[in-house]
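Okay, structure first, notes after.
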Amino acid sequence: MSLVIDCHGHYTTSPEPHNLWRQQQKAAFKEGQPAPAYPSISDGEIRESLEKNQIRLLRERGADITIFSPRASAMEPHVGDESVSIAWARANNDLIKRCVDLYPEIFAPVCMLPQSPAADMAGSIAELERCVDMGFIGCNLNPDPGGGHFKHPPLTDRFWYPFYEKMVELDVPAMIHVSGSCNPGLHATGAYYIAADTIAFMQLIEGDLFADFPSLRFIIPHGGGAVPYHWGRYRGLADMLKKPALTGHLMNNVYFDTCVYHQPGINLLADVIENKNILFGSEMVGAVRGIDPETGFYFDDTKRYIDALDISDAERSAIFEGNARRVFPRLDAELKARGL
Ligand SMILES: [Zn+2]
């Protein structure tokens, strides 16, 4: 029996005082005032927010561990300036650390970064170091801190290189993850997320990032956006652009999760993408919270779809556990220390 490691969970149920403080912080910035002091939140409030939601569902669905990060849609790097982002990232990451301290066997921490439209990556490097010192095993990297206008340089640009150097030094991967949309034409979780996933992959095809950083690792969430469905298009474009085959050009460094909310989509993912590149994920409690009337099960109960795949036990074990342990070596070390 393998462990079941969900590589994609957010603290979408954070206690109300935390969310209220964010509103106060934004209002204070608008008025040119300092933000009020961060509220005190009890362990009981944190426990209640998790036990009724993520932990209950994890147990019901049969997962063991969730790689847990702050609520993605609330990262909002486009709000305020870098100092606002730094304070917000620290508050969120500290809260994730408290979740992990309360439930060390269930949650493994991943941090958000204090990105901001006009900022370089120095603040994000400092926050990544602070978090890894606290036991964090990875980060969420936003390719579009402007919130839906894609004005940042591509992920292959040297703008990002100092951050990648730090990731490699600390041996932590990044999930490529945008936040809330401030573009009225882009619905956040239905359009912006999936578009950004697809855009990120194409940026990587056009560049040669992993020639410069052979050990850098990215997870492209939400099943890789449109990429697996259009795999022929991307293989063909790589060929036209005189790039190596995707197997060597990207697929030693890029991983997709299983946040695809129906069986045929997962079947396609597992059929098209080598299973060494697939990490189990559900993104619960997240973007799509309802029950599928066609199946009677929650859309985001993705373990059910992996269980139903026509693959070997070894492949299933890799998707549930082995691949996550390769991509997150700090998690692997932690699990080994626990005898797992
Ligand atoms: Zn997410």
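Naming works like this for the structure tokens: A, B, ... for the chains as they're shown, residue 1 at the start of each chain, ligands 1 onward in shown order.
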Mind running chain A against ligand 1 at 12 Å and telling me each contacting residue's nearest atom pair with the distance in Å (one decimal), counting only C-alpha atoms and all ligand atoms, chain and number ascending, as CSV?
residue,atom,partner,partner_atom_place_in_ligand_line,distance
A:Asp6,CA,ligand 1,1 (Zn),11.6
A:Cys7,CA,ligand 1,1 (Zn),9.7
A:His8,CA,ligand 1,1 (Zn),6.1
A:Gly9,CA,ligand 1,1 (Zn),6.6
A:His10,CA,ligand 1,1 (Zn),6.4
A:Tyr11,CA,ligand 1,1 (Zn),9.8
A:Thr12,CA,ligand 1,1 (Zn),9.7
A:Ile67,CA,ligand 1,1 (Zn),10.8
A:Phe68,CA,ligand 1,1 (Zn),9.7
A:Ser69,CA,ligand 1,1 (Zn),8.5
A:Pro70,CA,ligand 1,1 (Zn),9.1
A:Arg71,CA,ligand 1,1 (Zn),7.5
A:Ala72,CA,ligand 1,1 (Zn),5.7
A:Ser73,CA,ligand 1,1 (Zn),8.1
A:Ala74,CA,ligand 1,1 (Zn),10.8
A:Met75,CA,ligand 1,1 (Zn),11.0
A:Val110,CA,ligand 1,1 (Zn),11.4
A:Met112,CA,ligand 1,1 (Zn),11.2
A:Cys139,CA,ligand 1,1 (Zn),11.7
A:Asn140,CA,ligand 1,1 (Zn),8.9
A:Leu141,CA,ligand 1,1 (Zn),11.1
A:Asn142,CA,ligand 1,1 (Zn),11.1
A:Met175,CA,ligand 1,1 (Zn),8.7
A:Ile176,CA,ligand 1,1 (Zn),9.1
A:His177,CA,ligand 1,1 (Zn),6.6
A:Val178,CA,ligand 1,1 (Zn),8.3
A:Ser179,CA,ligand 1,1 (Zn),8.6
A:Gly180,CA,ligand 1,1 (Zn),10.9
A:Ala188,CA,ligand 1,1 (Zn),11.0
A:Thr189,CA,ligand 1,1 (Zn),8.8
A:Gly190,CA,ligand 1,1 (Zn),11.9
A:Tyr192,CA,ligand 1,1 (Zn),11.8
A:Tyr193,CA,ligand 1,1 (Zn),8.4
A:Ile194,CA,ligand 1,1 (Zn),10.7
A:Ala196,CA,ligand 1,1 (Zn),11.9
A:Asp197,CA,ligand 1,1 (Zn),11.0
A:Ile219,CA,ligand 1,1 (Zn),10.9
A:Ile220,CA,ligand 1,1 (Zn),10.0
A:Pro221,CA,ligand 1,1 (Zn),7.0
A:His222,CA,ligand 1,1 (Zn),7.6
A:Gly223,CA,ligand 1,1 (Zn),11.0
A:Gly224,CA,ligand 1,1 (Zn),11.9
A:Asp257,CA,ligand 1,1 (Zn),10.2
A:Thr258,CA,ligand 1,1 (Zn),11.4
A:Cys259,CA,ligand 1,1 (Zn),8.7
A:Val260,CA,ligand 1,1 (Zn),11.8
A:Gly281,CA,ligand 1,1 (Zn),9.4
A:Ser282,CA,ligand 1,1 (Zn),8.8
A:Glu283,CA,ligand 1,1 (Zn),5.5
A:Met284,CA,ligand 1,1 (Zn),8.5
A:Val285,CA,ligand 1,1 (Zn),9.6
A:Gly286,CA,ligand 1,1 (Zn),7.3
A:Ala287,CA,ligand 1,1 (Zn),7.9
A:Val288,CA,ligand 1,1 (Zn),11.1
A:Asp300,CA,ligand 1,1 (Zn),11.9
Could you dump the residues just selected with C-alpha atoms as a PDB file, in the first residue's frame?
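Listed below is the output, part.pdb:
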ATOM      1  CA  ASP A   6      -2.139  15.058  -2.435  1.00  0.00           C
ATOM      2  CA  CYS A   7       0.300  17.559  -3.935  1.00  0.00           C
ATOM      3  CA  HIS A   8      -2.218  20.381  -4.281  1.00  0.00           C
ATOM      4  CA  GLY A   9      -4.215  21.702  -1.321  1.00  0.00           C
ATOM      5  CA  HIS A  10      -4.848  25.284  -0.246  1.00  0.00           C
ATOM      6  CA  TYR A  11      -5.999  26.759   3.030  1.00  0.00           C
ATOM      7  CA  THR A  12      -9.254  27.991   1.509  1.00  0.00           C
ATOM      8  CA  ILE A  67       0.946  19.398   0.473  1.00  0.00           C
ATOM      9  CA  PHE A  68      -0.633  22.554   1.793  1.00  0.00           C
ATOM     10  CA  SER A  69      -0.269  26.182   0.785  1.00  0.00           C
ATOM     11  CA  PRO A  70      -2.114  29.467   1.281  1.00  0.00           C
ATOM     12  CA  ARG A  71      -5.315  30.100  -0.611  1.00  0.00           C
ATOM     13  CA  ALA A  72      -4.219  30.772  -4.176  1.00  0.00           C
ATOM     14  CA  SER A  73      -6.974  33.150  -5.222  1.00  0.00           C
ATOM     15  CA  ALA A  74      -6.233  35.325  -2.173  1.00  0.00           C
ATOM     16  CA  MET A  75      -2.489  35.741  -2.882  1.00  0.00           C
ATOM     17  CA  VAL A 110       4.352  25.015   0.710  1.00  0.00           C
ATOM     18  CA  MET A 112       3.309  31.653  -1.273  1.00  0.00           C
ATOM     19  CA  CYS A 139       6.620  27.179  -3.156  1.00  0.00           C
ATOM     20  CA  ASN A 140       3.903  28.492  -5.415  1.00  0.00           C
ATOM     21  CA  LEU A 141       5.372  30.723  -8.102  1.00  0.00           C
ATOM     22  CA  ASN A 142       3.046  33.133  -9.879  1.00  0.00           C
ATOM     23  CA  MET A 175       4.009  24.892  -8.493  1.00  0.00           C
ATOM     24  CA  ILE A 176       3.266  27.439 -11.217  1.00  0.00           C
ATOM     25  CA  HIS A 177       0.118  29.034  -9.859  1.00  0.00           C
ATOM     26  CA  VAL A 178      -1.643  32.293 -10.659  1.00  0.00           C
ATOM     27  CA  SER A 179      -4.001  34.015  -8.252  1.00  0.00           C
ATOM     28  CA  GLY A 180      -7.198  36.012  -8.503  1.00  0.00           C
ATOM     29  CA  ALA A 188     -10.264  33.072 -12.117  1.00  0.00           C
ATOM     30  CA  THR A 189     -10.517  29.317 -11.764  1.00  0.00           C
ATOM     31  CA  GLY A 190     -12.277  28.491 -15.042  1.00  0.00           C
ATOM     32  CA  TYR A 192      -7.278  32.284 -15.874  1.00  0.00           C
ATOM     33  CA  TYR A 193      -5.879  29.244 -14.077  1.00  0.00           C
ATOM     34  CA  ILE A 194      -6.175  26.940 -17.051  1.00  0.00           C
ATOM     35  CA  ALA A 196      -1.865  30.336 -17.256  1.00  0.00           C
ATOM     36  CA  ASP A 197      -0.991  26.640 -16.966  1.00  0.00           C
ATOM     37  CA  ILE A 219       4.519  21.366 -11.260  1.00  0.00           C
ATOM     38  CA  ILE A 220       1.944  22.698 -13.684  1.00  0.00           C
ATOM     39  CA  PRO A 221      -1.359  22.239 -11.893  1.00  0.00           C
ATOM     40  CA  HIS A 222      -4.910  21.568 -13.024  1.00  0.00           C
ATOM     41  CA  GLY A 223      -3.752  18.630 -15.089  1.00  0.00           C
ATOM     42  CA  GLY A 224      -1.327  20.805 -17.061  1.00  0.00           C
ATOM     43  CA  ASP A 257      -1.105  17.128 -11.189  1.00  0.00           C
ATOM     44  CA  THR A 258      -4.419  15.284 -11.397  1.00  0.00           C
ATOM     45  CA  CYS A 259      -6.744  18.220 -10.676  1.00  0.00           C
ATOM     46  CA  VAL A 260      -8.946  17.248 -13.593  1.00  0.00           C
ATOM     47  CA  GLY A 281      -3.624  16.223  -6.555  1.00  0.00           C
ATOM     48  CA  SER A 282      -7.186  17.295  -5.863  1.00  0.00           C
ATOM     49  CA  GLU A 283      -7.050  21.005  -4.965  1.00  0.00           C
ATOM     50  CA  MET A 284      -9.698  20.454  -2.361  1.00  0.00           C
ATOM     51  CA  VAL A 285     -11.401  22.342  -0.819  1.00  0.00           C
ATOM     52  CA  GLY A 286     -11.063  24.488  -3.860  1.00  0.00           C
ATOM     53  CA  ALA A 287     -12.338  25.632  -7.168  1.00  0.00           C
ATOM     54  CA  VAL A 288     -15.133  23.175  -7.839  1.00  0.00           C
ATOM     55  CA  ASP A 300     -12.757  17.100  -6.919  1.00  0.00           C
TER      56      ASP A 300
END
Running DSSP on the backbone, which parts of range 134-205 of chain A land in helix (DSSP H, G or I), as number ranges by chain?
A: 158-170, 188-205
C-alpha atoms of the current selection, written as a compact mmCIF listing (two decimals), in the first residue's frame:
# COMPACT_ATOMS: atom_id res chain seq x y z
CA ARG A 158 16.55 36.05 -16.77
CA PHE A 159 14.23 38.12 -14.58
CA TRP A 160 13.39 34.89 -12.76
CA TYR A 161 16.90 33.39 -12.66
CA PRO A 162 17.96 34.59 -9.18
CA PHE A 163 14.87 32.89 -7.79
CA TYR A 164 15.58 29.67 -9.69
CA GLU A 165 19.13 29.69 -8.35
CA LYS A 166 17.73 29.80 -4.82
CA MET A 167 15.22 27.02 -5.59
CA VAL A 168 18.01 24.81 -6.89
CA GLU A 169 20.22 25.61 -3.92
CA LEU A 170 17.39 24.73 -1.49
CA ALA A 188 -10.26 33.07 -12.12
CA THR A 189 -10.52 29.32 -11.76
CA GLY A 190 -12.28 28.49 -15.04
CA ALA A 191 -10.29 30.58 -17.50
CA TYR A 192 -7.28 32.28 -15.87
CA TYR A 193 -5.88 29.24 -14.08
CA ILE A 194 -6.18 26.94 -17.05
CA ALA A 195 -4.85 29.56 -19.48
CA ALA A 196 -1.87 30.34 -17.26
CA ASP A 197 -0.99 26.64 -16.97
CA THR A 198 -1.03 26.30 -20.74
CA ILE A 199 0.87 29.55 -21.28
CA ALA A 200 3.57 28.50 -18.84
CA PHE A 201 4.16 25.25 -20.70
CA MET A 202 4.45 27.03 -24.04
CA GLN A 203 6.91 29.55 -22.56
CA LEU A 204 9.05 26.63 -21.43
CA ILE A 205 8.95 25.09 -24.91
Would you pick out the contacts of Ser14 in chain A at 12 Å or less, using only C-alpha atoms, so that residues sharing its chain but fewer than 2 positions from it are not included, and give the list as a JSON list (two decimals) with N, CA and C atoms, in the first residue's frame?
[["chain", "number", "residue", "atom", "x", "y", "z"],
["A", 10, "HIS", "N", -5.00, 23.90, -0.73],
["A", 10, "HIS", "CA", -4.85, 25.28, -0.25],
["A", 10, "HIS", "C", -5.68, 25.47, 1.02],
["A", 11, "TYR", "N", -5.26, 26.44, 1.81],
["A", 11, "TYR", "CA", -6.00, 26.76, 3.03],
["A", 11, "TYR", "C", -7.13, 27.73, 2.67],
["A", 12, "THR", "N", -8.13, 27.17, 1.97],
["A", 12, "THR", "CA", -9.25, 27.99, 1.51],
["A", 12, "THR", "C", -10.25, 28.26, 2.63],
["A", 16, "GLU", "N", -11.72, 33.40, 10.00],
["A", 16, "GLU", "CA", -12.24, 34.70, 9.60],
["A", 16, "GLU", "C", -11.37, 35.89, 10.04],
["A", 17, "PRO", "N", -10.79, 35.86, 11.24],
["A", 17, "PRO", "CA", -9.94, 37.01, 11.61],
["A", 17, "PRO", "C", -8.78, 37.24, 10.62],
["A", 18, "HIS", "N", -8.26, 36.16, 10.07],
["A", 18, "HIS", "CA", -7.19, 36.25, 9.07],
["A", 18, "HIS", "C", -7.71, 36.97, 7.82],
["A", 19, "ASN", "N", -8.88, 36.56, 7.36],
["A", 19, "ASN", "CA", -9.45, 37.17, 6.14],
["A", 19, "ASN", "C", -9.83, 38.63, 6.38],
["A", 20, "LEU", "N", -10.32, 38.89, 7.58],
["A", 20, "LEU", "CA", -10.71, 40.25, 7.94],
["A", 20, "LEU", "C", -9.48, 41.17, 7.98],
["A", 21, "TRP", "N", -8.39, 40.63, 8.52],
["A", 21, "TRP", "CA", -7.16, 41.43, 8.57],
["A", 21, "TRP", "C", -6.71, 41.82, 7.16],
["A", 22, "ARG", "N", -6.88, 40.92, 6.22],
["A", 22, "ARG", "CA", -6.51, 41.24, 4.83],
["A", 22, "ARG", "C", -7.33, 42.43, 4.32],
["A", 41, "ILE", "N", -5.13, 34.41, 16.63],
["A", 41, "ILE", "CA", -6.01, 33.33, 16.18],
["A", 41, "ILE", "C", -5.66, 32.11, 17.03],
["A", 42, "SER", "N", -6.68, 31.48, 17.61],
["A", 42, "SER", "CA", -6.39, 30.37, 18.53],
["A", 42, "SER", "C", -6.15, 29.08, 17.76],
["A", 43, "ASP", "N", -5.46, 28.14, 18.42],
["A", 43, "ASP", "CA", -5.30, 26.80, 17.84],
["A", 43, "ASP", "C", -6.67, 26.18, 17.56],
["A", 45, "GLU", "N", -9.45, 27.64, 16.68],
["A", 45, "GLU", "CA", -10.02, 28.15, 15.43],
["A", 45, "GLU", "C", -9.39, 27.46, 14.22],
["A", 46, "ILE", "N", -8.10, 27.27, 14.30],
["A", 46, "ILE", "CA", -7.41, 26.61, 13.17],
["A", 46, "ILE", "C", -7.87, 25.16, 13.05],
["A", 47, "ARG", "N", -7.91, 24.48, 14.19],
["A", 47, "ARG", "CA", -8.35, 23.07, 14.17],
["A", 47, "ARG", "C", -9.75, 22.94, 13.57],
["A", 48, "GLU", "N", -10.65, 23.82, 14.02],
["A", 48, "GLU", "CA", -12.03, 23.72, 13.55],
["A", 48, "GLU", "C", -12.10, 23.94, 12.03],
["A", 49, "SER", "N", -11.33, 24.91, 11.55],
["A", 49, "SER", "CA", -11.38, 25.24, 10.12],
["A", 49, "SER", "C", -10.86, 24.08, 9.27],
["A", 50, "LEU", "N", -9.97, 23.27, 9.83],
["A", 50, "LEU", "CA", -9.38, 22.16, 9.07],
["A", 50, "LEU", "C", -10.15, 20.85, 9.26],
["A", 51, "GLU", "N", -10.57, 20.61, 10.49],
["A", 51, "GLU", "CA", -11.16, 19.29, 10.77],
["A", 51, "GLU", "C", -12.52, 19.13, 10.10],
["A", 52, "LYS", "N", -13.24, 20.24, 9.97],
["A", 52, "LYS", "CA", -14.55, 20.15, 9.30],
["A", 52, "LYS", "C", -14.42, 20.07, 7.79],
["A", 53, "ASN", "N", -13.26, 20.42, 7.28],
["A", 53, "ASN", "CA", -13.12, 20.56, 5.83],
["A", 53, "ASN", "C", -12.04, 19.63, 5.28],
["A", 54, "GLN", "N", -10.81, 20.16, 5.16],
["A", 54, "GLN", "CA", -9.77, 19.39, 4.47],
["A", 54, "GLN", "C", -9.51, 18.03, 5.12],
["A", 69, "SER", "N", -0.77, 24.82, 0.99],
["A", 69, "SER", "CA", -0.27, 26.18, 0.79],
["A", 69, "SER", "C", -1.41, 27.18, 0.99],
["A", 70, "PRO", "N", -1.06, 28.46, 1.10],
["A", 70, "PRO", "CA", -2.11, 29.47, 1.28],
["A", 70, "PRO", "C", -3.09, 29.49, 0.11],
["A", 71, "ARG", "N", -4.26, 30.01, 0.40],
["A", 71, "ARG", "CA", -5.31, 30.10, -0.61],
["A", 71, "ARG", "C", -4.80, 30.86, -1.83],
["A", 72, "ALA", "N", -4.86, 30.20, -2.99],
["A", 72, "ALA", "CA", -4.22, 30.77, -4.18],
["A", 72, "ALA", "C", -4.93, 32.03, -4.66],
["A", 74, "ALA", "N", -6.41, 34.19, -3.08],
["A", 74, "ALA", "CA", -6.23, 35.33, -2.17],
["A", 74, "ALA", "C", -4.79, 35.84, -2.14],
["A", 91, "ALA", "N", 2.12, 36.53, 6.75],
["A", 91, "ALA", "CA", 0.96, 36.15, 7.56],
["A", 91, "ALA", "C", 0.42, 34.80, 7.10],
["A", 92, "ASN", "N", 0.32, 34.63, 5.80],
["A", 92, "ASN", "CA", -0.21, 33.37, 5.26],
["A", 92, "ASN", "C", 0.72, 32.20, 5.52],
["A", 93, "ASN", "N", 1.99, 32.40, 5.29],
["A", 93, "ASN", "CA", 2.93, 31.29, 5.47],
["A", 93, "ASN", "C", 3.05, 30.91, 6.94],
["A", 95, "LEU", "N", 0.68, 31.12, 9.05],
["A", 95, "LEU", "CA", -0.56, 30.39, 9.36],
["A", 95, "LEU", "C", -0.46, 28.94, 8.86],
["A", 96, "ILE", "N", 0.11, 28.75, 7.68],
["A", 96, "ILE", "CA", 0.33, 27.38, 7.17],
["A", 96, "ILE", "C", 1.24, 26.61, 8.11],
["A", 98, "ARG", "N", 1.50, 26.99, 11.25],
["A", 98, "ARG", "CA", 0.73, 26.59, 12.44],
["A", 98, "ARG", "C", -0.15, 25.37, 12.13],
["A", 99, "CYS", "N", -0.72, 25.31, 10.94],
["A", 99, "CYS", "CA", -1.50, 24.12, 10.54],
["A", 99, "CYS", "C", -0.62, 22.88, 10.59],
["A", 285, "VAL", "N", -10.08, 21.89, -0.41],
["A", 285, "VAL", "CA", -11.40, 22.34, -0.82],
["A", 285, "VAL", "C", -11.16, 23.55, -1.72]]
Which polymer residues have any atom within 7 Å of an atom of His78 in chain A, counting only C-alpha atoms, with same-chain residues fewer than 5 positions away left out, as an mmCIF file with C-alpha atoms, in the first residue's frame?
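Printed below is around09.cif as written:
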data_model
loop_
_atom_site.group_PDB
_atom_site.id
_atom_site.type_symbol
_atom_site.label_atom_id
_atom_site.label_comp_id
_atom_site.auth_asym_id
_atom_site.auth_seq_id
_atom_site.Cartn_x
_atom_site.Cartn_y
_atom_site.Cartn_z
ATOM 1 C CA SER A 116 4.322 42.321 -6.723
ATOM 2 C CA PRO A 117 4.029 43.804 -10.227
ATOM 3 C CA PRO A 145 1.774 38.912 -10.665
ATOM 4 C CA GLY A 146 -0.292 41.542 -12.497
ATOM 5 C CA GLY A 147 -3.401 39.407 -12.082
#
Pull the strand (DSSP E or B) assignments for range 2-189 of chain A out of DSSP run on the backbone, and list those residues as a list in words.
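Assigned to strand (DSSP E or B), within range 2-189 of chain A: Ile5, Asp6, Cys7, His8, Gly9, His10, Tyr11, Ile65, Thr66, Ile67, Phe68, Ser69, Pro70, Phe107, Ala108, Pro109, Val110, Cys111, Gly138, Cys139, Asn140, Leu141, Ala174, Met175 and Ile176 of chain A.
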Write out as CSV a residue-level contact list of range 29-58 of chain A versus range 84-89 of chain A with cut-off 10 Å: for each qualifying residue the closest pair of atoms and the distance in Å to one decimal, counting only C-alpha atoms, rows sorted by chain and residue number upward.
residue,atom,partner,partner_atom,distance
A:Phe29,CA,A:Val84,CA,7.7
A:Pro34,CA,A:Val84,CA,9.8
A:Ala35,CA,A:Val84,CA,8.8
A:Tyr38,CA,A:Ala87,CA,9.7
Have a look at A:Tyr261, A:Ala226, A:Phe218, A:Gln115 and name the one nearest to Arg90 in chain A; count only C-alpha atoms.
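Ranked by minimum distance to Arg90 in chain A, first place goes to A:Gln115.
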